[in-house]
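Here's the structure, in structure tokens; my notes come after.
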Amino acid sequence: MTDITQSTSPRTSLINDPKVRGIAYQVILVVVLALLVYEATTNAIENLRRARIASGFDFLSTTAGFDVNQTLIPFSSSGGSTYGEAFIVGLLNTLLVAAIGIVLATILGFIVGVARLSSNWMVAKLAKVYVEAIRNIPLLLQLFIWYNAVLKALPNPRQSYEIAGGFFLNNRGLFAPEPVLAPGAGIVIGATVLGIVGAFAFRFWARRRQERTGQQAPVGAVALALIVGLPLLAFLITGRPISLEYPELRGFNFTGGVQVIPEFVALLIGLTTYTAAFIAEIVRAGILAVSRGQTEAAHALGLREGQTLKLVIIPQAMRVIVPPLTSQYLNLTKNSSLAVAIGYPDLAQVFMGTVLNQTGQAVEVIAITMAVYLAISLFTSLVMNIYNRRAAIVER
Amino acid sequence: MAITTEPVAYVRTAPIAEQPPPMMARGWLAWMRENLFSSVGNTILTLIALYIIYLVVPPAIRFFFIDAVWTGSNREACLAANVGREVGACWAYVNAKLSYFVYGSYPWDDRWRVDIVFALGAFGIAWLLWLDAPKRGLGALYFFVIFPIAAFILLRGWPAIGLQRVDTSLWGGILVTLIVSIVGIVVSLPLGVLLALGRRSRLPLIRLACIIFIEVVRGVPLITVLFMANTMLPLFLPGNMSPDRLLRPLVGVALFASAYMAEVVRGGLQAIPKGQYEGAMSLGLGYWRMMRLIILPQALRIVIPGIVNTFIGLFKDTTLVSIVGIFDLIKTVEVTLVDPTWATPVTRLTGYAFAGVFYFICCYGMSRYSLAVERRLAAGQKR
């Protein structure tokens, strides 16, 4: 057998041999890429030398000469903070807006997605109008509208809108009460954590028992008691160690409380409403993908409406929903870089904007920024692949 | 016995007049009862929806139509103090700035050239999008080769044939928005096809190079790619070469769109049954002829909706070039907002509304088109 194949190969000329051709193509590609990289590097070195721009990553430990208006870690130009710390500040701000945005967009997206399938004509149409309007207008324009036309047009602190419970909204941002921790607050926080862990443990135990004996336990009520009741009890026993400090109008601005800068509010609203429109479509498609027979079969088994939804529909819909949902989460994280347009100090604005302008080290700064976003993306898709493998239909 | 001639039973000789259907079973009242007020929960939902509509729609109509100012030559026309009532949108401002929004600072005397480019482009797009158009292959050649060259000559100018040079820094507005998106599609479609083929190639190095490019570009935000194109492109080229300010983001957008297009095309390639490949090979076709004649025509046809959706995304993403200083529609709107001639409290919202309506019409139209194509392709599959 092998003899036949070998004896036929010499007849074709070398140039027509697919193996030789394949190797030739690859060699050409590698040579071209190598030439491009070599040319680009030598040019870059030459250009940088002429512009007297340093290279390397030493600038990360150089003192940064600017301030940032929202920092999660201490950062000040006078305190000798470095460019490296500016990078951390920007990264944390990106992660903060992305994390809160993902939670809010998921909630809003699920509500709108379910509303689109509502039997109520008006609710369904309203949801449809929302989705179409939001999806077909660029996010950047929406951010400009939220920031420049809505938040910047709010009255000054003296005439700020008071939202219930000590929240104030004005053109300097959102002012909220700040919790003040007195001694003993640690116990309350500990009780909260304990309550949450306890609730999960109880759910796990209840499920195991149900699988074994068929007996059901009131998981919802117990979880509520553990998560709300336990911290409340601790709060009252330790003598109310946590109090709220309300923002107060002093002169022209508020003092006390937490100030959320308008850039953050605008970016969060913009990202949330925009991504929610896409999530709504994913949720709708996911629910539609579960065939009606599943619902009918569940009813025939005697499951109630809520159980049908929880045990039959949602697990199957999630299999369809989760993969595109993660890519929407990634999109939201990447879109948070539009912060640069409205001045929210995220990674793109602080690092790729200010630090790049001050140091001029474009290659290093952009490489680091891209690497961060790439790492977030790759990590998410890794987690996604693991989930997909677990959730995929097991074919027999 | 007298026989009575009177009828034993009542028989009607003429049909009775038609009656309306029962109120509660048909008609709008029944429809409302069924769809809006079928239960207590449903009624509450309807009321909430009505309240939201009440909150949004009447003020919007008041602002954009009833209270709007339609004519005027400067800001005086749109100030509440001068009009004597509450002022809504200042459409007079859009009217005055419309030519700037469309052409940017393109010289007045040469704007006919832009109009010709718009017409040529519209012709090419219509040719490609109309699925039953004659000679669509020629249409593709026109749109992807002839049109870009003609548009470049017309817009940039060519003194040898009497067209004055126009610097790209003067281009702006919708013109630039369309240029960025059309360059994006014209470059990204062929490049995307090549990348998709490369990603499915059996040559490991080619596959690896394509995967790395696609995944890296898809993993980073467009804005970082634009910054890279803006700051690093001049660095990578020899010192005496400085690429045009408009060209840099064009390169960034085109590369970015290619990666997304590659994934769409790959989906189409994967959907082609193996028998098609085997059939082509058994006919003795080589790789390129197999792709060109058998696989790609089928694969590209089924991903038309995906391509259009990618293009919608690309069209919306072109707004980002304004961040790196290119005068697209958003940037021209922003620039007119600082013009003191039209500085009023309502100008900003009017400008944004104009841009929003423009983008909405374009994107919504394209998504309707993609839906229609999808339905048509599905009809072909059903048979």
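Residues are named by chain letter and number: chains run A, B, ... in the order of the structure tokens, numbers start at 1 in each chain, and ligands are numbered from 1 in the order shown.
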Exercise: Phe110 of chain A partners within 8 Å, only C-alpha atoms, chain neighbours under 3 positions left out, as a count of residues only: 8
May I have a table of the residues of chain B lying at most 7 Å from chain A, giving each one's closest pair of atoms and their distance in Å to one decimal, counting only C-alpha atoms, ordered by chain and ascending residue number, as a tab-separated table?
```
residue	atom	partner	partner_atom	distance
B:Asn35	CA	A:Asn120	CA	5.2
B:Leu36	CA	A:Asn120	CA	5.3
B:Asn42	CA	A:Asn120	CA	6.5
B:Leu45	CA	A:Val123	CA	7.0
B:Thr46	CA	A:Met122	CA	6.3
B:Ala49	CA	A:Val123	CA	5.9
B:Leu203	CA	A:Gly22	CA	6.4
B:Leu205	CA	A:Gln26	CA	6.0
B:Ile206	CA	A:Gln26	CA	6.2
B:Val216	CA	A:Leu374	CA	6.6
B:Gly219	CA	A:Leu374	CA	4.9
B:Val220	CA	A:Tyr373	CA	5.4
B:Pro221	CA	A:Lys334	CA	4.9
B:Ile223	CA	A:Ser337	CA	7.0
B:Thr224	CA	A:Met370	CA	6.7
B:Met228	CA	A:Ile366	CA	6.5
B:Thr231	CA	A:Ala362	CA	6.5
B:Met232	CA	A:Val363	CA	6.7
B:Leu235	CA	A:Ala44	CA	4.8
B:Phe236	CA	A:Ala40	CA	4.4
B:Leu237	CA	A:Asn43	CA	5.9
B:Pro238	CA	A:Asn43	CA	5.4
B:Gly239	CA	A:Asn47	CA	5.9
B:Lys316	CA	A:Pro138	CA	4.8
B:Asp317	CA	A:Pro138	CA	6.9
B:Thr319	CA	A:Leu140	CA	6.7
B:Ile323	CA	A:Ala341	CA	6.3
B:Arg348	CA	A:Ala149	CA	6.6
B:Leu349	CA	A:Ala149	CA	6.1
B:Tyr352	CA	A:Ile145	CA	6.9
B:Gly356	CA	A:Ile137	CA	6.0
B:Tyr359	CA	A:Ile137	CA	5.7
B:Phe360	CA	A:Asn136	CA	5.0
B:Cys363	CA	A:Asn136	CA	5.3
B:Tyr364	CA	A:Asn136	CA	6.0
```
I need the chosen residues saved as a JSON list (two decimals), in the first residue's frame, with N, CA and C atoms.
```json
[["chain", "number", "residue", "atom", "x", "y", "z"],
["B", 35, "ASN", "N", -55.65, 41.82, 25.81],
["B", 35, "ASN", "CA", -54.22, 42.08, 25.76],
["B", 35, "ASN", "C", -53.73, 43.05, 26.82],
["B", 36, "LEU", "N", -54.60, 43.85, 27.35],
["B", 36, "LEU", "CA", -54.13, 44.87, 28.29],
["B", 36, "LEU", "C", -54.69, 44.70, 29.69],
["B", 42, "ASN", "N", -51.87, 42.29, 34.99],
["B", 42, "ASN", "CA", -51.75, 42.84, 33.66],
["B", 42, "ASN", "C", -52.21, 44.29, 33.62],
["B", 45, "LEU", "N", -49.56, 46.45, 35.03],
["B", 45, "LEU", "CA", -48.48, 46.63, 34.06],
["B", 45, "LEU", "C", -48.86, 47.65, 33.00],
["B", 46, "THR", "N", -50.10, 47.53, 32.49],
["B", 46, "THR", "CA", -50.55, 48.47, 31.47],
["B", 46, "THR", "C", -50.51, 49.90, 32.00],
["B", 49, "ALA", "N", -46.98, 51.11, 32.16],
["B", 49, "ALA", "CA", -46.50, 51.43, 30.81],
["B", 49, "ALA", "C", -47.09, 52.76, 30.34],
["B", 203, "LEU", "N", -2.35, 24.84, 7.32],
["B", 203, "LEU", "CA", -0.95, 25.19, 7.53],
["B", 203, "LEU", "C", -0.82, 25.84, 8.90],
["B", 205, "LEU", "N", 1.39, 27.55, 10.70],
["B", 205, "LEU", "CA", 1.89, 28.90, 10.96],
["B", 205, "LEU", "C", 0.89, 29.95, 10.49],
["B", 206, "ILE", "N", 0.29, 29.71, 9.33],
["B", 206, "ILE", "CA", -0.70, 30.66, 8.81],
["B", 206, "ILE", "C", -1.90, 30.72, 9.75],
["B", 216, "VAL", "N", -6.44, 38.98, 19.27],
["B", 216, "VAL", "CA", -5.90, 40.18, 19.91],
["B", 216, "VAL", "C", -6.78, 41.38, 19.58],
["B", 219, "GLY", "N", -10.02, 41.34, 21.31],
["B", 219, "GLY", "CA", -9.92, 41.41, 22.76],
["B", 219, "GLY", "C", -9.68, 42.80, 23.30],
["B", 220, "VAL", "N", -9.34, 43.76, 22.43],
["B", 220, "VAL", "CA", -9.06, 45.11, 22.93],
["B", 220, "VAL", "C", -10.12, 46.07, 22.42],
["B", 221, "PRO", "N", -10.36, 47.18, 23.14],
["B", 221, "PRO", "CA", -11.34, 48.15, 22.69],
["B", 221, "PRO", "C", -10.85, 48.90, 21.45],
["B", 223, "ILE", "N", -10.91, 51.93, 20.89],
["B", 223, "ILE", "CA", -10.24, 53.19, 21.19],
["B", 223, "ILE", "C", -8.73, 52.98, 21.36],
["B", 224, "THR", "N", -8.33, 51.81, 21.91],
["B", 224, "THR", "CA", -6.89, 51.56, 22.03],
["B", 224, "THR", "C", -6.27, 51.35, 20.66],
["B", 228, "MET", "N", -3.40, 53.60, 19.06],
["B", 228, "MET", "CA", -2.20, 52.97, 18.53],
["B", 228, "MET", "C", -1.94, 53.48, 17.12],
["B", 231, "THR", "N", -0.71, 57.19, 17.34],
["B", 231, "THR", "CA", 0.60, 57.54, 17.89],
["B", 231, "THR", "C", 1.71, 56.63, 17.40],
["B", 232, "MET", "N", 1.36, 55.35, 17.11],
["B", 232, "MET", "CA", 2.44, 54.43, 16.80],
["B", 232, "MET", "C", 2.70, 54.28, 15.31],
["B", 235, "LEU", "N", 5.49, 56.31, 14.27],
["B", 235, "LEU", "CA", 6.75, 55.81, 14.83],
["B", 235, "LEU", "C", 7.31, 54.67, 13.99],
["B", 236, "PHE", "N", 6.40, 53.82, 13.49],
["B", 236, "PHE", "CA", 6.85, 52.62, 12.80],
["B", 236, "PHE", "C", 7.30, 52.91, 11.38],
["B", 237, "LEU", "N", 6.92, 54.06, 10.84],
["B", 237, "LEU", "CA", 7.31, 54.38, 9.47],
["B", 237, "LEU", "C", 8.61, 55.15, 9.50],
["B", 238, "PRO", "N", 9.36, 55.11, 8.40],
["B", 238, "PRO", "CA", 10.61, 55.88, 8.36],
["B", 238, "PRO", "C", 10.38, 57.34, 8.71],
["B", 239, "GLY", "N", 11.37, 57.95, 9.32],
["B", 239, "GLY", "CA", 11.24, 59.28, 9.91],
["B", 239, "GLY", "C", 10.63, 60.34, 9.02],
["B", 316, "LYS", "N", -21.64, 52.53, 13.83],
["B", 316, "LYS", "CA", -21.76, 53.22, 15.12],
["B", 316, "LYS", "C", -20.38, 53.50, 15.71],
["B", 317, "ASP", "N", -19.44, 52.57, 15.49],
["B", 317, "ASP", "CA", -18.11, 52.75, 16.06],
["B", 317, "ASP", "C", -17.32, 53.86, 15.39],
["B", 319, "THR", "N", -18.00, 56.73, 15.26],
["B", 319, "THR", "CA", -18.06, 57.93, 16.11],
["B", 319, "THR", "C", -16.80, 58.06, 16.94],
["B", 323, "ILE", "N", -12.78, 61.01, 18.93],
["B", 323, "ILE", "CA", -11.94, 61.12, 20.13],
["B", 323, "ILE", "C", -10.49, 61.38, 19.74],
["B", 348, "ARG", "N", -27.50, 72.37, 22.48],
["B", 348, "ARG", "CA", -26.80, 71.10, 22.65],
["B", 348, "ARG", "C", -27.73, 69.92, 22.40],
["B", 349, "LEU", "N", -28.89, 69.97, 23.04],
["B", 349, "LEU", "CA", -29.82, 68.85, 22.89],
["B", 349, "LEU", "C", -30.30, 68.75, 21.45],
["B", 352, "TYR", "N", -27.52, 67.09, 19.38],
["B", 352, "TYR", "CA", -27.46, 65.66, 19.67],
["B", 352, "TYR", "C", -28.66, 64.94, 19.05],
["B", 356, "GLY", "N", -28.50, 61.94, 16.55],
["B", 356, "GLY", "CA", -29.15, 60.70, 16.95],
["B", 356, "GLY", "C", -30.12, 60.22, 15.89],
["B", 359, "TYR", "N", -28.13, 58.75, 12.89],
["B", 359, "TYR", "CA", -27.61, 57.40, 13.13],
["B", 359, "TYR", "C", -28.75, 56.40, 13.22],
["B", 360, "PHE", "N", -29.85, 56.81, 13.87],
["B", 360, "PHE", "CA", -30.95, 55.87, 14.05],
["B", 360, "PHE", "C", -31.51, 55.44, 12.69],
["B", 363, "CYS", "N", -28.93, 53.07, 10.95],
["B", 363, "CYS", "CA", -28.76, 51.75, 11.57],
["B", 363, "CYS", "C", -30.06, 50.96, 11.54],
["B", 364, "TYR", "N", -31.19, 51.64, 11.79],
["B", 364, "TYR", "CA", -32.46, 50.92, 11.80],
["B", 364, "TYR", "C", -32.77, 50.40, 10.41]]
```
Between B:Ile302, B:Ala209, B:Ala196, B:Val176, smallest distance to Ser258 of chain B by only C-alpha atoms belongs to B:Ala196
Could you go through segment 6-237 of chain B and tell me which residues DSSP, when run on the backbone, assigns to strand (DSSP E or B), listing them as a list of chain:residue names?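 Result set for segment 6-237 of chain B (strand (DSSP E or B)): B:Val69, B:Cys90, B:Gly104, B:Trp158, B:Leu163, B:Trp171, B:Gly173.
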Just list as a PyMOL selection string whatever in segment 140-335 of chain B DSSP marks as alpha helix (DSSP H). chain B and resi 140-141+147-156+174-199+204-219+222-236+247-271+274-282+287-290+296-302+304-317+329-335
What's around Val253 of chain B at 10 Å? Count only C-alpha atoms, leave out sequence neighbours fewer than 6 positions away in its own chain, and write the answer as a count of residues only. 18
Residues near Ile269 of chain A, anyone? I mean within 9 Å using only C-alpha atoms, not counting same-chain ones fewer than 5 positions away, as a ChimeraX atom specification. /A:101,143,146,264,274
Expected file contents, prior selection, C-alpha atoms, as a compact mmCIF listing (two decimals), in the first residue's frame:
```txt
# COMPACT_ATOMS: atom_id res chain seq x y z
CA GLY A 101 -22.41 48.19 35.07
CA LEU A 143 -22.69 59.16 26.68
CA TRP A 146 -26.11 61.72 29.47
CA PHE A 264 -19.04 58.09 36.73
CA TYR A 274 -26.85 50.42 26.16
```
Give me, as a compact mmCIF listing (two decimals) with N, CA and C atoms, in the first residue's frame, all polymer residues having an atom no more than 10 Å from Leu128 of chain B, counting only C-alpha atoms and skipping those fewer than 4 positions away in the same chain.
```txt
# COMPACT_ATOMS: atom_id res chain seq x y z
N ALA B 122 -24.10 55.64 -3.36
CA ALA B 122 -25.47 55.16 -3.20
C ALA B 122 -25.80 54.15 -4.30
N PHE B 123 -25.33 54.44 -5.50
CA PHE B 123 -25.56 53.55 -6.63
C PHE B 123 -24.93 52.17 -6.37
N GLY B 124 -23.68 52.20 -5.92
CA GLY B 124 -22.98 50.94 -5.65
C GLY B 124 -23.63 50.15 -4.54
N ASP B 132 -31.56 40.73 -6.29
CA ASP B 132 -31.90 40.25 -7.63
C ASP B 132 -31.32 41.13 -8.72
N ALA B 133 -30.42 42.03 -8.33
CA ALA B 133 -29.89 42.97 -9.32
C ALA B 133 -29.10 42.22 -10.38
N PRO B 134 -29.10 42.71 -11.63
CA PRO B 134 -28.32 42.06 -12.67
C PRO B 134 -26.82 42.27 -12.44
N LYS B 135 -26.02 41.30 -12.82
CA LYS B 135 -24.56 41.39 -12.79
C LYS B 135 -24.03 41.85 -11.43
N ARG B 136 -24.35 41.09 -10.38
CA ARG B 136 -23.91 41.51 -9.06
C ARG B 136 -22.41 41.37 -8.91
N GLY B 137 -21.80 40.48 -9.69
CA GLY B 137 -20.34 40.36 -9.64
C GLY B 137 -19.68 41.65 -10.09
N LEU B 138 -20.24 42.22 -11.17
CA LEU B 138 -19.74 43.50 -11.65
C LEU B 138 -19.96 44.57 -10.58
N GLY B 139 -21.11 44.47 -9.90
CA GLY B 139 -21.42 45.43 -8.83
C GLY B 139 -20.38 45.38 -7.74
N ALA B 140 -19.95 44.16 -7.36
CA ALA B 140 -18.93 44.03 -6.33
C ALA B 140 -17.63 44.65 -6.80
N TYR B 142 -17.31 47.02 -8.96
CA TYR B 142 -17.52 48.47 -8.95
C TYR B 142 -17.33 49.02 -7.55
N PHE B 143 -18.01 48.37 -6.56
CA PHE B 143 -18.03 48.95 -5.22
C PHE B 143 -16.69 48.80 -4.52
```
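Atom CA of Ile73 of chain A sits 24.9 Å away from atom CA of Gly184 of chain A.
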Just want the 8 Å neighbourhood of Val117 of chain B, counted on only C-alpha atoms, with same-chain residues fewer than 4 positions away dropped. Output as a list in words.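 That gives Arg113, Gly121, Ala150, Ala151, Leu154 and Leu155 of chain B.
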Check the smallest atom-to-atom distance from each of B:Cys90, B:Ala30, B:Cys362, B:Ile44 to Ala343 of chain B using only C-alpha atoms, then report the winner.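 Going through B:Cys90, B:Ala30, B:Cys362, B:Ile44 one by one, the smallest distance to Ala343 of chain B is for B:Cys90.
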Give me the residues near segment 237-251 of chain A as an MDAnalysis selection string, where near means some atom within 10 Å (using only C-alpha atoms) and where sequence neighbours in that chain fewer than 3 positions away do not count. chainID A and resid 157:158 160 165:168 175:189 231:234 254:259
